[in-house]
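Data block for my_file_15.txt (compact mmCIF, C-alpha atoms):
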# COMPACT_ATOMS: atom_id res chain seq x y z
CA MET G 1 0.00 0.00 0.00
CA LEU G 2 1.40 3.39 -1.00
CA ILE G 3 0.75 6.22 1.45
CA ARG G 4 2.27 9.47 0.30
CA GLU G 5 1.86 11.63 3.37
CA PRO G 6 4.11 11.02 6.38
CA LEU G 7 2.43 9.45 9.37
CA ARG G 8 2.36 12.11 12.09
CA LEU G 9 2.92 11.51 15.78
CA ILE G 10 3.70 13.45 18.93
CA GLY G 11 6.42 11.97 21.11
CA ALA G 12 9.12 12.63 23.68
CA THR G 13 12.75 11.55 23.70
CA ALA G 14 12.41 10.32 27.29
CA SER G 15 9.29 8.28 26.50
CA PRO G 16 10.07 4.57 26.04
CA TYR G 17 6.85 4.04 24.10
CA SER G 18 7.70 6.89 21.71
CA LEU G 19 11.04 5.26 20.94
CA LYS G 20 9.39 1.86 20.68
CA MET G 21 7.21 3.17 17.86
CA ILE G 22 9.77 5.38 16.13
CA THR G 23 12.32 2.58 15.87
CA LEU G 24 9.59 0.21 14.67
CA MET G 25 8.55 2.61 11.91
CA ARG G 26 12.20 3.15 10.98
CA TYR G 27 12.57 -0.62 10.59
CA ARG G 28 9.33 -0.91 8.61
CA HIS G 29 10.32 1.94 6.25
CA ILE G 30 7.21 3.90 7.24
CA HIS G 31 7.49 7.58 6.34
CA TYR G 32 6.79 9.45 9.58
CA SER G 33 6.96 12.96 10.99
CA VAL G 34 7.42 13.39 14.74
CA THR G 35 6.72 16.47 16.84
CA TRP G 36 8.54 16.45 20.16
CA GLY G 37 6.40 17.71 23.01
CA MET G 38 3.53 16.97 25.36
CA PRO G 39 0.50 15.77 23.37
CA GLU G 40 -2.00 17.90 25.30
CA VAL G 41 -0.08 21.07 24.47
CA VAL G 42 0.64 20.17 20.85
CA LEU G 43 -2.92 19.04 20.14
CA GLU G 44 -4.34 22.23 21.60
CA LYS G 45 -2.08 24.33 19.39
CA MET G 46 -3.13 22.28 16.36
CA GLY G 47 -6.82 22.54 17.21
CA ILE G 48 -7.19 18.77 17.37
CA GLU G 49 -9.47 17.14 19.94
CA LYS G 50 -7.65 15.22 22.65
CA PRO G 51 -8.44 11.53 23.13
CA LYS G 52 -10.14 10.46 26.35
CA MET G 53 -6.82 9.23 27.72
CA VAL G 54 -3.64 10.90 26.45
CA PHE G 55 -0.43 8.86 26.29
CA LEU G 56 2.96 9.16 24.66
CA PRO G 57 3.22 8.76 21.77
CA THR G 58 0.03 10.15 20.27
CA PHE G 59 -0.55 9.35 16.59
CA LEU G 60 -2.62 11.43 14.19
CA PHE G 61 -4.62 9.17 11.89
CA GLU G 62 -7.09 10.57 9.39
CA ASP G 63 -10.77 9.69 9.50
CA ASP G 64 -12.89 9.11 6.38
CA ALA G 65 -13.24 12.86 5.91
CA GLY G 66 -9.49 13.42 6.09
CA LYS G 67 -9.71 14.97 9.56
CA PRO G 68 -6.83 14.11 11.94
CA VAL G 69 -7.85 12.02 14.94
CA ALA G 70 -5.52 11.72 17.93
CA THR G 71 -4.95 8.06 18.83
CA CYS G 72 -2.91 6.46 21.62
CA ASP G 73 -1.75 3.00 22.83
CA SER G 74 1.23 1.48 21.05
CA SER G 75 0.19 -2.18 20.81
CA PRO G 76 -3.07 -1.70 18.89
CA ILE G 77 -1.38 0.98 16.77
CA ILE G 78 1.25 -1.58 15.73
CA ARG G 79 -1.56 -3.88 14.53
CA ARG G 80 -3.20 -0.97 12.72
CA LEU G 81 0.05 -0.19 10.91
CA GLU G 82 0.18 -3.81 9.76
CA THR G 83 -3.04 -3.18 7.81
CA MET G 84 -1.85 0.16 6.43
CA TYR G 85 1.65 -0.69 5.20
CA ASP G 86 2.87 -3.74 3.32
CA GLY G 87 6.06 -5.65 4.00
CA ARG G 88 8.60 -5.88 6.80
CA SER G 89 5.94 -7.10 9.25
CA VAL G 90 6.72 -7.33 12.95
CA ILE G 91 3.98 -9.92 13.53
CA PRO G 92 4.91 -13.54 12.72
CA GLN G 93 2.57 -15.32 10.30
CA ASP G 94 2.76 -18.41 12.50
CA ARG G 95 -0.06 -17.69 14.96
CA ALA G 96 1.54 -19.63 17.81
CA LEU G 97 4.77 -17.69 17.38
CA ALA G 98 2.77 -14.47 17.13
CA PHE G 99 1.16 -15.24 20.50
CA ILE G 100 4.58 -15.58 22.15
CA ASP G 101 5.62 -12.31 20.51
CA TYR G 102 2.49 -10.65 21.91
CA LEU G 103 3.25 -12.01 25.38
CA ILE G 104 6.79 -10.61 25.24
CA GLU G 105 5.51 -7.22 24.04
CA ASP G 106 2.94 -7.08 26.84
CA PHE G 107 5.58 -8.02 29.42
CA ALA G 108 7.79 -5.22 28.10
CA ASP G 109 5.04 -2.62 28.12
CA GLU G 110 3.60 -3.52 31.52
CA TRP G 111 6.40 -5.05 33.62
CA VAL G 112 9.74 -3.94 32.14
CA THR G 113 8.31 -0.43 32.42
CA LYS G 114 8.33 -1.03 36.19
CA TYR G 115 12.12 -1.36 35.98
CA MET G 116 12.26 1.87 33.99
CA PHE G 117 10.02 4.00 36.18
CA HIS G 118 11.44 2.57 39.41
CA TYR G 119 15.06 3.19 38.52
CA ARG G 120 14.30 6.63 37.10
CA TRP G 121 12.56 7.99 40.21
CA TYR G 122 13.24 5.73 43.23
CA PRO G 123 17.05 6.01 43.72
CA GLN G 124 18.09 9.56 44.62
CA GLU G 125 20.92 9.61 42.09
CA ASP G 126 18.61 8.69 39.24
CA ALA G 127 15.81 11.05 40.28
CA ASP G 128 18.32 13.90 40.37
CA ASN G 129 19.63 12.92 36.93
CA ALA G 130 16.16 12.64 35.38
CA GLY G 131 14.95 15.82 37.03
CA THR G 132 17.90 17.67 35.55
CA LEU G 133 17.70 16.24 32.03
CA LEU G 134 14.00 15.94 31.27
CA PRO G 135 13.12 19.66 31.37
CA PHE G 136 15.76 20.23 28.68
CA CYS G 137 14.17 17.49 26.56
CA ALA G 138 11.07 19.70 26.48
CA ASP G 139 12.99 22.95 25.87
CA ILE G 140 16.74 22.89 25.42
CA SER G 141 16.97 26.68 25.82
CA LEU G 142 15.43 26.95 29.27
CA SER G 143 17.24 29.38 31.52
CA ASP G 144 18.99 27.92 34.54
CA ALA G 145 16.31 29.38 36.81
CA GLN G 146 13.50 27.91 34.70
CA ALA G 147 15.24 24.53 34.55
CA ALA G 148 15.61 24.46 38.33
CA GLU G 149 11.94 25.34 38.78
CA PHE G 150 10.76 22.68 36.32
CA LYS G 151 13.11 20.12 37.89
CA ALA G 152 11.54 20.62 41.31
CA ILE G 153 7.96 20.45 39.99
CA PHE G 154 8.52 17.53 37.63
CA THR G 155 10.56 15.45 40.07
CA SER G 156 7.97 15.86 42.83
CA ARG G 157 5.14 14.90 40.47
CA GLN G 158 6.87 11.83 39.06
CA ILE G 159 7.99 10.51 42.42
CA SER G 160 4.41 10.81 43.64
CA ARG G 161 3.40 8.54 40.76
CA LEU G 162 5.72 5.68 41.75
CA SER G 163 2.80 4.06 43.55
CA TYR G 164 0.91 3.70 40.26
CA VAL G 165 3.52 1.35 38.82
CA GLY G 166 4.07 -0.43 42.13
CA SER G 167 7.44 1.00 43.10
CA ASN G 168 7.80 1.47 46.85
CA ASP G 169 9.98 0.40 49.76
CA ILE G 170 8.25 -2.99 49.91
CA THR G 171 8.45 -3.82 46.21
CA ALA G 172 11.86 -2.30 45.40
CA PRO G 173 13.84 -5.51 46.11
CA VAL G 174 11.51 -7.55 43.86
CA ILE G 175 11.80 -5.07 40.97
CA GLU G 176 15.57 -4.84 41.23
CA ALA G 177 16.09 -8.60 41.48
CA SER G 178 13.81 -9.12 38.47
CA TYR G 179 15.76 -6.55 36.44
CA ARG G 180 19.00 -8.39 37.12
CA ARG G 181 17.53 -11.79 36.19
CA PHE G 182 16.01 -10.30 33.05
CA LEU G 183 19.39 -8.92 31.94
CA GLN G 184 21.08 -12.24 32.61
CA ALA G 185 18.39 -14.04 30.59
CA MET G 186 18.83 -11.53 27.76
CA GLU G 187 22.59 -12.06 27.79
CA LYS G 188 22.13 -15.80 27.29
CA HIS G 189 19.40 -15.42 24.69
CA LEU G 190 21.25 -12.89 22.55
CA SER G 191 24.21 -15.25 22.43
CA ARG G 192 21.95 -17.67 20.53
CA GLN G 193 20.02 -15.38 18.18
CA PRO G 194 19.91 -11.62 17.49
CA TYR G 195 16.20 -11.05 18.22
CA MET G 196 13.69 -12.59 20.56
CA LEU G 197 12.15 -14.97 18.02
CA GLY G 198 14.88 -15.46 15.46
CA HIS G 199 16.77 -13.41 12.90
CA ARG G 200 14.19 -10.67 12.42
CA PRO G 201 12.58 -8.45 15.06
CA GLY G 202 9.01 -8.78 16.26
CA ALA G 203 6.79 -6.34 18.10
CA GLY G 204 8.14 -7.77 21.35
CA ASP G 205 11.67 -6.71 20.44
CA PHE G 206 10.57 -3.11 19.96
CA GLY G 207 8.59 -3.21 23.20
CA LEU G 208 11.71 -4.28 25.11
CA LEU G 209 13.84 -1.79 23.22
CA GLY G 210 11.66 1.16 24.19
CA GLN G 211 12.12 0.54 27.89
CA LEU G 212 15.81 -0.34 27.56
CA THR G 213 16.62 2.89 25.73
CA GLN G 214 15.94 4.61 29.04
CA LEU G 215 17.33 1.99 31.41
CA ILE G 216 20.60 1.74 29.48
CA GLY G 217 20.78 5.08 27.71
CA VAL G 218 19.57 7.61 30.27
CA ASP G 219 19.39 6.46 33.88
CA PRO G 220 22.73 5.87 35.67
CA SER G 221 21.90 3.06 38.13
CA PRO G 222 20.31 0.60 35.67
CA ARG G 223 22.92 1.54 33.07
CA ARG G 224 25.73 0.43 35.39
CA ILE G 225 23.93 -2.81 36.17
CA ALA G 226 23.37 -3.54 32.46
CA HIS G 227 27.02 -2.93 31.58
CA GLN G 228 28.00 -5.27 34.38
CA LEU G 229 25.55 -8.10 33.67
CA SER G 230 24.75 -7.95 29.95
CA PRO G 231 27.06 -6.21 27.51
CA ARG G 232 25.13 -7.95 24.71
CA THR G 233 21.95 -6.14 25.75
CA VAL G 234 23.79 -2.82 25.80
CA ALA G 235 25.03 -3.45 22.25
CA TRP G 236 21.59 -4.74 21.17
CA VAL G 237 19.95 -1.48 22.22
CA ASN G 238 22.37 0.43 20.01
CA ILE G 239 21.82 -1.89 17.05
CA MET G 240 18.03 -1.81 17.41
CA GLN G 241 17.95 1.99 17.12
CA ASP G 242 18.06 1.74 13.32
CA LEU G 243 17.22 -1.52 11.55
CA SER G 244 16.29 0.16 8.27
CA GLY G 245 19.04 -1.78 6.49
CA VAL G 246 17.83 -5.21 7.64
CA ASN G 247 16.21 -7.18 4.81
CA PRO G 248 13.96 -9.73 6.53
CA LYS G 249 12.73 -13.01 5.06
CA ASP G 250 9.88 -15.18 6.33
CA SER G 251 12.44 -17.90 7.05
CA ASP G 252 14.19 -15.55 9.48
CA TRP G 253 11.60 -16.37 12.14
CA THR G 254 12.81 -19.37 14.14
CA ARG G 255 10.12 -22.05 14.38
CA LEU G 256 8.56 -22.28 17.82
CA GLU G 257 9.78 -25.86 18.11
CA ASP G 258 13.34 -24.80 17.20
CA GLN G 259 13.63 -21.87 19.61
CA PRO G 260 16.67 -22.07 21.90
CA ASP G 261 16.08 -22.97 25.52
CA THR G 262 17.11 -19.43 26.40
CA LEU G 263 13.70 -18.19 25.19
CA LYS G 264 12.08 -20.34 27.83
CA GLU G 265 14.32 -18.72 30.45
CA LEU G 266 13.00 -15.31 29.40
CA LEU G 267 9.43 -16.58 29.55
CA ALA G 268 10.12 -17.99 33.01
CA GLU G 269 10.79 -14.44 34.23
CA VAL G 270 7.44 -13.40 32.75
CA GLY G 271 5.73 -16.18 34.68
CA ARG G 272 7.72 -15.57 37.85
CA VAL G 273 6.83 -11.91 38.31
CA TYR G 274 4.34 -10.62 35.75
CA ALA G 275 1.81 -13.48 35.91
CA PRO G 276 1.10 -13.21 39.66
CA ALA G 277 0.91 -9.41 39.37
CA LEU G 278 -1.64 -9.59 36.54
CA LEU G 279 -3.77 -12.14 38.36
CA ALA G 280 -3.83 -10.28 41.67
CA ASN G 281 -4.51 -6.96 39.96
CA ALA G 282 -7.36 -8.42 37.91
CA ALA G 283 -8.97 -9.90 41.03
CA ALA G 284 -8.76 -6.53 42.78
CA VAL G 285 -10.24 -4.64 39.83
CA GLN G 286 -13.08 -7.15 39.54
CA ALA G 287 -13.80 -6.77 43.25
CA GLY G 288 -13.75 -2.99 43.02
CA GLU G 289 -10.75 -2.72 45.34
CA LYS G 290 -8.37 0.24 45.02
CA THR G 291 -5.24 -1.64 46.13
CA TRP G 292 -4.01 -5.20 46.14
CA SER G 293 -1.26 -7.27 47.67
CA THR G 294 0.18 -10.67 46.85
CA GLU G 295 3.41 -12.63 46.95
CA ILE G 296 5.79 -12.23 44.01
CA ASP G 297 9.07 -14.13 43.90
CA GLY G 298 8.64 -15.08 47.54
CA GLU G 299 8.28 -11.47 48.67
CA ARG G 300 5.33 -9.30 49.58
CA TRP G 301 4.03 -6.97 46.88
CA GLU G 302 1.42 -4.26 47.21
CA GLN G 303 0.27 -1.47 44.92
CA ARG G 304 -2.73 0.38 43.53
CA ALA G 305 -5.13 -1.52 41.30
CA PHE G 306 -4.67 -0.69 37.63
CA PRO G 307 -7.74 -1.26 35.39
CA TYR G 308 -5.69 -1.18 32.18
CA GLN G 309 -3.62 -4.16 33.26
CA ALA G 310 -6.82 -6.06 34.04
CA LYS G 311 -7.66 -5.51 30.37
CA CYS G 312 -4.20 -6.77 29.42
CA LEU G 313 -4.97 -10.10 31.08
CA VAL G 314 -8.27 -10.32 29.21
CA TRP G 315 -6.55 -9.54 25.89
CA ILE G 316 -3.85 -12.16 26.48
CA ASN G 317 -6.53 -14.77 27.09
CA GLU G 318 -8.56 -13.67 24.07
CA ALA G 319 -5.47 -14.08 21.89
CA TYR G 320 -4.81 -17.49 23.43
CA ARG G 321 -8.39 -18.70 22.92
CA ALA G 322 -8.33 -17.47 19.32
CA LEU G 323 -5.61 -20.00 18.51
CA GLY G 324 -6.54 -23.25 16.86
CA ASP G 325 -6.18 -26.44 18.90
CA GLN G 326 -2.86 -27.37 17.30
CA ASP G 327 -1.32 -23.93 17.78
CA ARG G 328 -2.61 -23.75 21.33
CA ALA G 329 -0.91 -27.07 22.07
CA ARG G 330 2.35 -25.71 20.62
CA VAL G 331 2.09 -22.65 22.85
CA ASP G 332 1.29 -24.82 25.87
CA LYS G 333 4.41 -26.86 25.27
CA ILE G 334 6.81 -23.91 25.26
CA LEU G 335 5.08 -22.27 28.25
CA GLU G 336 5.04 -25.47 30.29
CA GLY G 337 6.92 -24.95 33.54
CA THR G 338 7.35 -21.17 33.08
CA ALA G 339 4.31 -20.25 35.23
CA CYS G 340 2.99 -18.22 32.29
CA GLU G 341 0.35 -20.89 31.97
CA THR G 342 -1.23 -19.62 35.21
CA MET G 343 -2.41 -16.55 33.28
CA LEU G 344 -4.31 -18.71 30.81
CA GLN G 345 -6.71 -20.38 33.22
CA GLY G 346 -10.10 -19.33 34.48
CA VAL G 347 -10.37 -16.05 32.57
Would you give me this structure, written as structure tokens?
Amino acid sequence: MLIREPLRLIGATASPYSLKMITLMRYRHIHYSVTWGMPEVVLEKMGIEKPKMVFLPTFLFEDDAGKPVATCDSSPIIRRLETMYDGRSVIPQDRALAFIDYLIEDFADEWVTKYMFHYRWYPQEDADNAGTLLPFCADISLSDAQAAEFKAIFTSRQISRLSYVGSNDITAPVIEASYRRFLQAMEKHLSRQPYMLGHRPGAGDFGLLGQLTQLIGVDPSPRRIAHQLSPRTVAWVNIMQDLSGVNPKDSDWTRLEDQPDTLKELLAEVGRVYAPALLANAAAVQAGEKTWSTEIDGERWEQRAFPYQAKCLVWINEAYRALGDQDRARVDKILEGTACETMLQGV
């Protein structure tokens, strides 16, 4: 499909989801035009109605009348782009493999982001670093006085939001231990193949990349840990920034049955930490409770209930149930023993 006009979006350099989508479009050879800034401000200046919930990045798709409509949420936008642009797909044709890719992407968007937000605002060193840098990402020419004022306001606001992602004194050890295991699993996996599911990137790769651009490229504490535990992941983040020269073939996906055992190690981290969080959160949302607590990795975890992640659990199960019997059996086999299977029961 030939689309002449560039696809417009509003993003921020410090937004992992913005970089997830920009690097994905760069790989897919999608002609895009990005405006750096806060969507609410940019949309108001453009005279475009804001969506009900505003996230970074915000895309501007045209309706049937050619009027721009602000649209958010990276995962469904990736699927929309698959229908708009031919070639260089990030969704495997093998539906069982595509389900695993979806699971990895969801883990990146909803759990690896806990690493990112925690390390950015929980340790004092990192909060000071982010508070200093992020105002300049919005306006590089701020005066020193303005930068100091914005740093104080922005840092206070973001630290107050740690509770939304579940970062607190109780959960900090769980998040930090999970980050280290994740990096160690990535180090092993990248020694076997260059992307999560073979020799071409899937949506899950770009989901992980978005978060890692911040963890490895911006924030000092997680950057040091990554350099110590997984130099391959550090290099991978640099490589993934621009895959426009990669020429993928269908055969570049590794068959589900031929995936290295290191993929299962990555999935075991999903089952170890993300599965119990999703299940406890969904139960709390269904019961109308504002907070929830459970045990994750043998430690106590408590945080606010998050309705969106309850939807994530529903969507994972819808994708699983949509598989044919044979593909579902193939998925069951690779997930066996990872604890991911606990998410696929009773929903």
Rounded to one decimal place, report the CA of Thr58 in chain G-CA of Asp73 in chain G distance in Å. 7.8 Å
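Residues within 12 Å of Arg157 in chain G, counting only C-alpha atoms and excluding same-chain residues fewer than 6 positions away, are Trp121, Ala127, Gly131, Phe150, Lys151, Ser163 and Tyr164 of chain G.
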At a cut-off of 9 Å, using all atoms listed in the file, what residues contact range 281-289 of chain G? Leave out same-chain residues fewer than 5 positions from it and give the result as number ranges by chain. G: 276, 303-307, 309-311, 313-314
Keeping only C-alpha atoms, write the selected residues to a file as a PDB file, in the frame of the given file.
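Produced file out-v2.pdb, reproduced below:
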ATOM      1  CA  PRO G 276       1.100 -13.210  39.660  1.00  0.00           C
ATOM      2  CA  GLN G 303       0.270  -1.470  44.920  1.00  0.00           C
ATOM      3  CA  ARG G 304      -2.730   0.380  43.530  1.00  0.00           C
ATOM      4  CA  ALA G 305      -5.130  -1.520  41.300  1.00  0.00           C
ATOM      5  CA  PHE G 306      -4.670  -0.690  37.630  1.00  0.00           C
ATOM      6  CA  PRO G 307      -7.740  -1.260  35.390  1.00  0.00           C
ATOM      7  CA  GLN G 309      -3.620  -4.160  33.260  1.00  0.00           C
ATOM      8  CA  ALA G 310      -6.820  -6.060  34.040  1.00  0.00           C
ATOM      9  CA  LYS G 311      -7.660  -5.510  30.370  1.00  0.00           C
ATOM     10  CA  LEU G 313      -4.970 -10.100  31.080  1.00  0.00           C
ATOM     11  CA  VAL G 314      -8.270 -10.320  29.210  1.00  0.00           C
TER      12      VAL G 314
END
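Going from CA of Leu60 in chain G to CA of Leu209 in chain G covers 23.0 Å.
Rounded to one decimal, CA of Thr262 in chain G and CA of Ser244 in chain G lie 26.7 Å from each other.
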Once N, CA, C and O atoms are restored for range 10-35 of chain G, what would the output be as a PDB file, in the coordinates of the input?
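Final output, out_25.pdb:
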ATOM      1  N   ILE G  10       3.138  12.580  17.913  1.00  0.00           N
ATOM      2  CA  ILE G  10       3.700  13.450  18.930  1.00  0.00           C
ATOM      3  C   ILE G  10       4.393  12.557  19.943  1.00  0.00           C
ATOM      4  O   ILE G  10       3.801  11.606  20.458  1.00  0.00           O
ATOM      5  N   GLY G  11       5.662  12.827  20.214  1.00  0.00           N
ATOM      6  CA  GLY G  11       6.420  11.970  21.110  1.00  0.00           C
ATOM      7  C   GLY G  11       7.377  12.750  21.983  1.00  0.00           C
ATOM      8  O   GLY G  11       7.452  13.977  21.911  1.00  0.00           O
ATOM      9  N   ALA G  12       8.116  12.026  22.806  1.00  0.00           N
ATOM     10  CA  ALA G  12       9.120  12.630  23.680  1.00  0.00           C
ATOM     11  C   ALA G  12      10.340  11.731  23.718  1.00  0.00           C
ATOM     12  O   ALA G  12      10.209  10.492  23.723  1.00  0.00           O
ATOM     13  N   THR G  13      11.507  12.335  23.740  1.00  0.00           N
ATOM     14  CA  THR G  13      12.750  11.550  23.700  1.00  0.00           C
ATOM     15  C   THR G  13      12.914  10.692  24.943  1.00  0.00           C
ATOM     16  O   THR G  13      13.607   9.672  24.900  1.00  0.00           O
ATOM     17  N   ALA G  14      12.309  11.085  26.052  1.00  0.00           N
ATOM     18  CA  ALA G  14      12.410  10.320  27.290  1.00  0.00           C
ATOM     19  C   ALA G  14      11.248   9.358  27.472  1.00  0.00           C
ATOM     20  O   ALA G  14      11.099   8.758  28.540  1.00  0.00           O
ATOM     21  N   SER G  15      10.425   9.201  26.450  1.00  0.00           N
ATOM     22  CA  SER G  15       9.290   8.280  26.500  1.00  0.00           C
ATOM     23  C   SER G  15       9.661   6.954  25.864  1.00  0.00           C
ATOM     24  O   SER G  15       9.906   6.887  24.657  1.00  0.00           O
ATOM     25  N   PRO G  16       9.712   5.861  26.630  1.00  0.00           N
ATOM     26  CA  PRO G  16      10.070   4.570  26.040  1.00  0.00           C
ATOM     27  C   PRO G  16       9.102   4.119  24.958  1.00  0.00           C
ATOM     28  O   PRO G  16       9.505   3.488  23.977  1.00  0.00           O
ATOM     29  N   TYR G  17       7.829   4.471  25.102  1.00  0.00           N
ATOM     30  CA  TYR G  17       6.850   4.040  24.100  1.00  0.00           C
ATOM     31  C   TYR G  17       7.003   4.848  22.812  1.00  0.00           C
ATOM     32  O   TYR G  17       6.747   4.331  21.725  1.00  0.00           O
ATOM     33  N   SER G  18       7.418   6.113  22.927  1.00  0.00           N
ATOM     34  CA  SER G  18       7.700   6.890  21.710  1.00  0.00           C
ATOM     35  C   SER G  18       8.829   6.242  20.932  1.00  0.00           C
ATOM     36  O   SER G  18       8.753   6.076  19.701  1.00  0.00           O
ATOM     37  N   LEU G  19       9.892   5.849  21.627  1.00  0.00           N
ATOM     38  CA  LEU G  19      11.040   5.260  20.940  1.00  0.00           C
ATOM     39  C   LEU G  19      10.739   3.854  20.464  1.00  0.00           C
ATOM     40  O   LEU G  19      11.275   3.409  19.448  1.00  0.00           O
ATOM     41  N   LYS G  20       9.867   3.156  21.161  1.00  0.00           N
ATOM     42  CA  LYS G  20       9.390   1.860  20.680  1.00  0.00           C
ATOM     43  C   LYS G  20       8.794   2.012  19.279  1.00  0.00           C
ATOM     44  O   LYS G  20       9.120   1.255  18.351  1.00  0.00           O
ATOM     45  N   MET G  21       7.925   3.007  19.119  1.00  0.00           N
ATOM     46  CA  MET G  21       7.210   3.170  17.860  1.00  0.00           C
ATOM     47  C   MET G  21       8.069   3.799  16.775  1.00  0.00           C
ATOM     48  O   MET G  21       7.971   3.438  15.596  1.00  0.00           O
ATOM     49  N   ILE G  22       8.922   4.736  17.134  1.00  0.00           N
ATOM     50  CA  ILE G  22       9.770   5.380  16.130  1.00  0.00           C
ATOM     51  C   ILE G  22      10.763   4.390  15.550  1.00  0.00           C
ATOM     52  O   ILE G  22      10.969   4.336  14.329  1.00  0.00           O
ATOM     53  N   THR G  23      11.377   3.570  16.392  1.00  0.00           N
ATOM     54  CA  THR G  23      12.320   2.580  15.870  1.00  0.00           C
ATOM     55  C   THR G  23      11.601   1.509  15.059  1.00  0.00           C
ATOM     56  O   THR G  23      12.134   1.006  14.060  1.00  0.00           O
ATOM     57  N   LEU G  24      10.372   1.171  15.452  1.00  0.00           N
ATOM     58  CA  LEU G  24       9.590   0.210  14.670  1.00  0.00           C
ATOM     59  C   LEU G  24       9.272   0.765  13.288  1.00  0.00           C
ATOM     60  O   LEU G  24       9.414   0.060  12.278  1.00  0.00           O
ATOM     61  N   MET G  25       8.867   2.018  13.218  1.00  0.00           N
ATOM     62  CA  MET G  25       8.550   2.610  11.910  1.00  0.00           C
ATOM     63  C   MET G  25       9.810   2.763  11.066  1.00  0.00           C
ATOM     64  O   MET G  25       9.771   2.600   9.841  1.00  0.00           O
ATOM     65  N   ARG G  26      10.930   3.057  11.706  1.00  0.00           N
ATOM     66  CA  ARG G  26      12.200   3.150  10.980  1.00  0.00           C
ATOM     67  C   ARG G  26      12.530   1.801  10.340  1.00  0.00           C
ATOM     68  O   ARG G  26      12.923   1.724   9.186  1.00  0.00           O
ATOM     69  N   TYR G  27      12.341   0.726  11.109  1.00  0.00           N
ATOM     70  CA  TYR G  27      12.570  -0.620  10.590  1.00  0.00           C
ATOM     71  C   TYR G  27      11.617  -0.945   9.453  1.00  0.00           C
ATOM     72  O   TYR G  27      12.011  -1.513   8.425  1.00  0.00           O
ATOM     73  N   ARG G  28      10.349  -0.549   9.601  1.00  0.00           N
ATOM     74  CA  ARG G  28       9.330  -0.910   8.610  1.00  0.00           C
ATOM     75  C   ARG G  28       9.341   0.011   7.386  1.00  0.00           C
ATOM     76  O   ARG G  28       8.542  -0.171   6.478  1.00  0.00           O
ATOM     77  N   HIS G  29      10.233   0.981   7.362  1.00  0.00           N
ATOM     78  CA  HIS G  29      10.320   1.940   6.250  1.00  0.00           C
ATOM     79  C   HIS G  29       9.022   2.744   6.105  1.00  0.00           C
ATOM     80  O   HIS G  29       8.592   3.049   4.990  1.00  0.00           O
ATOM     81  N   ILE G  30       8.408   3.069   7.240  1.00  0.00           N
ATOM     82  CA  ILE G  30       7.210   3.900   7.240  1.00  0.00           C
ATOM     83  C   ILE G  30       7.627   5.359   7.318  1.00  0.00           C
ATOM     84  O   ILE G  30       8.382   5.754   8.212  1.00  0.00           O
ATOM     85  N   HIS G  31       7.164   6.154   6.381  1.00  0.00           N
ATOM     86  CA  HIS G  31       7.490   7.580   6.340  1.00  0.00           C
ATOM     87  C   HIS G  31       6.724   8.273   7.467  1.00  0.00           C
ATOM     88  O   HIS G  31       5.495   8.295   7.466  1.00  0.00           O
ATOM     89  N   TYR G  32       7.454   8.839   8.430  1.00  0.00           N
ATOM     90  CA  TYR G  32       6.790   9.450   9.580  1.00  0.00           C
ATOM     91  C   TYR G  32       7.352  10.843   9.837  1.00  0.00           C
ATOM     92  O   TYR G  32       8.443  11.205   9.393  1.00  0.00           O
ATOM     93  N   SER G  33       6.567  11.611  10.575  1.00  0.00           N
ATOM     94  CA  SER G  33       6.960  12.960  10.990  1.00  0.00           C
ATOM     95  C   SER G  33       6.624  13.109  12.457  1.00  0.00           C
ATOM     96  O   SER G  33       5.461  12.993  12.843  1.00  0.00           O
ATOM     97  N   VAL G  34       7.644  13.335  13.298  1.00  0.00           N
ATOM     98  CA  VAL G  34       7.420  13.390  14.740  1.00  0.00           C
ATOM     99  C   VAL G  34       7.553  14.819  15.242  1.00  0.00           C
ATOM    100  O   VAL G  34       8.453  15.566  14.833  1.00  0.00           O
ATOM    101  N   THR G  35       6.649  15.202  16.115  1.00  0.00           N
ATOM    102  CA  THR G  35       6.720  16.470  16.840  1.00  0.00           C
ATOM    103  C   THR G  35       7.054  16.151  18.283  1.00  0.00           C
ATOM    104  O   THR G  35       6.321  15.405  18.938  1.00  0.00           O
TER     105      THR G  35
END
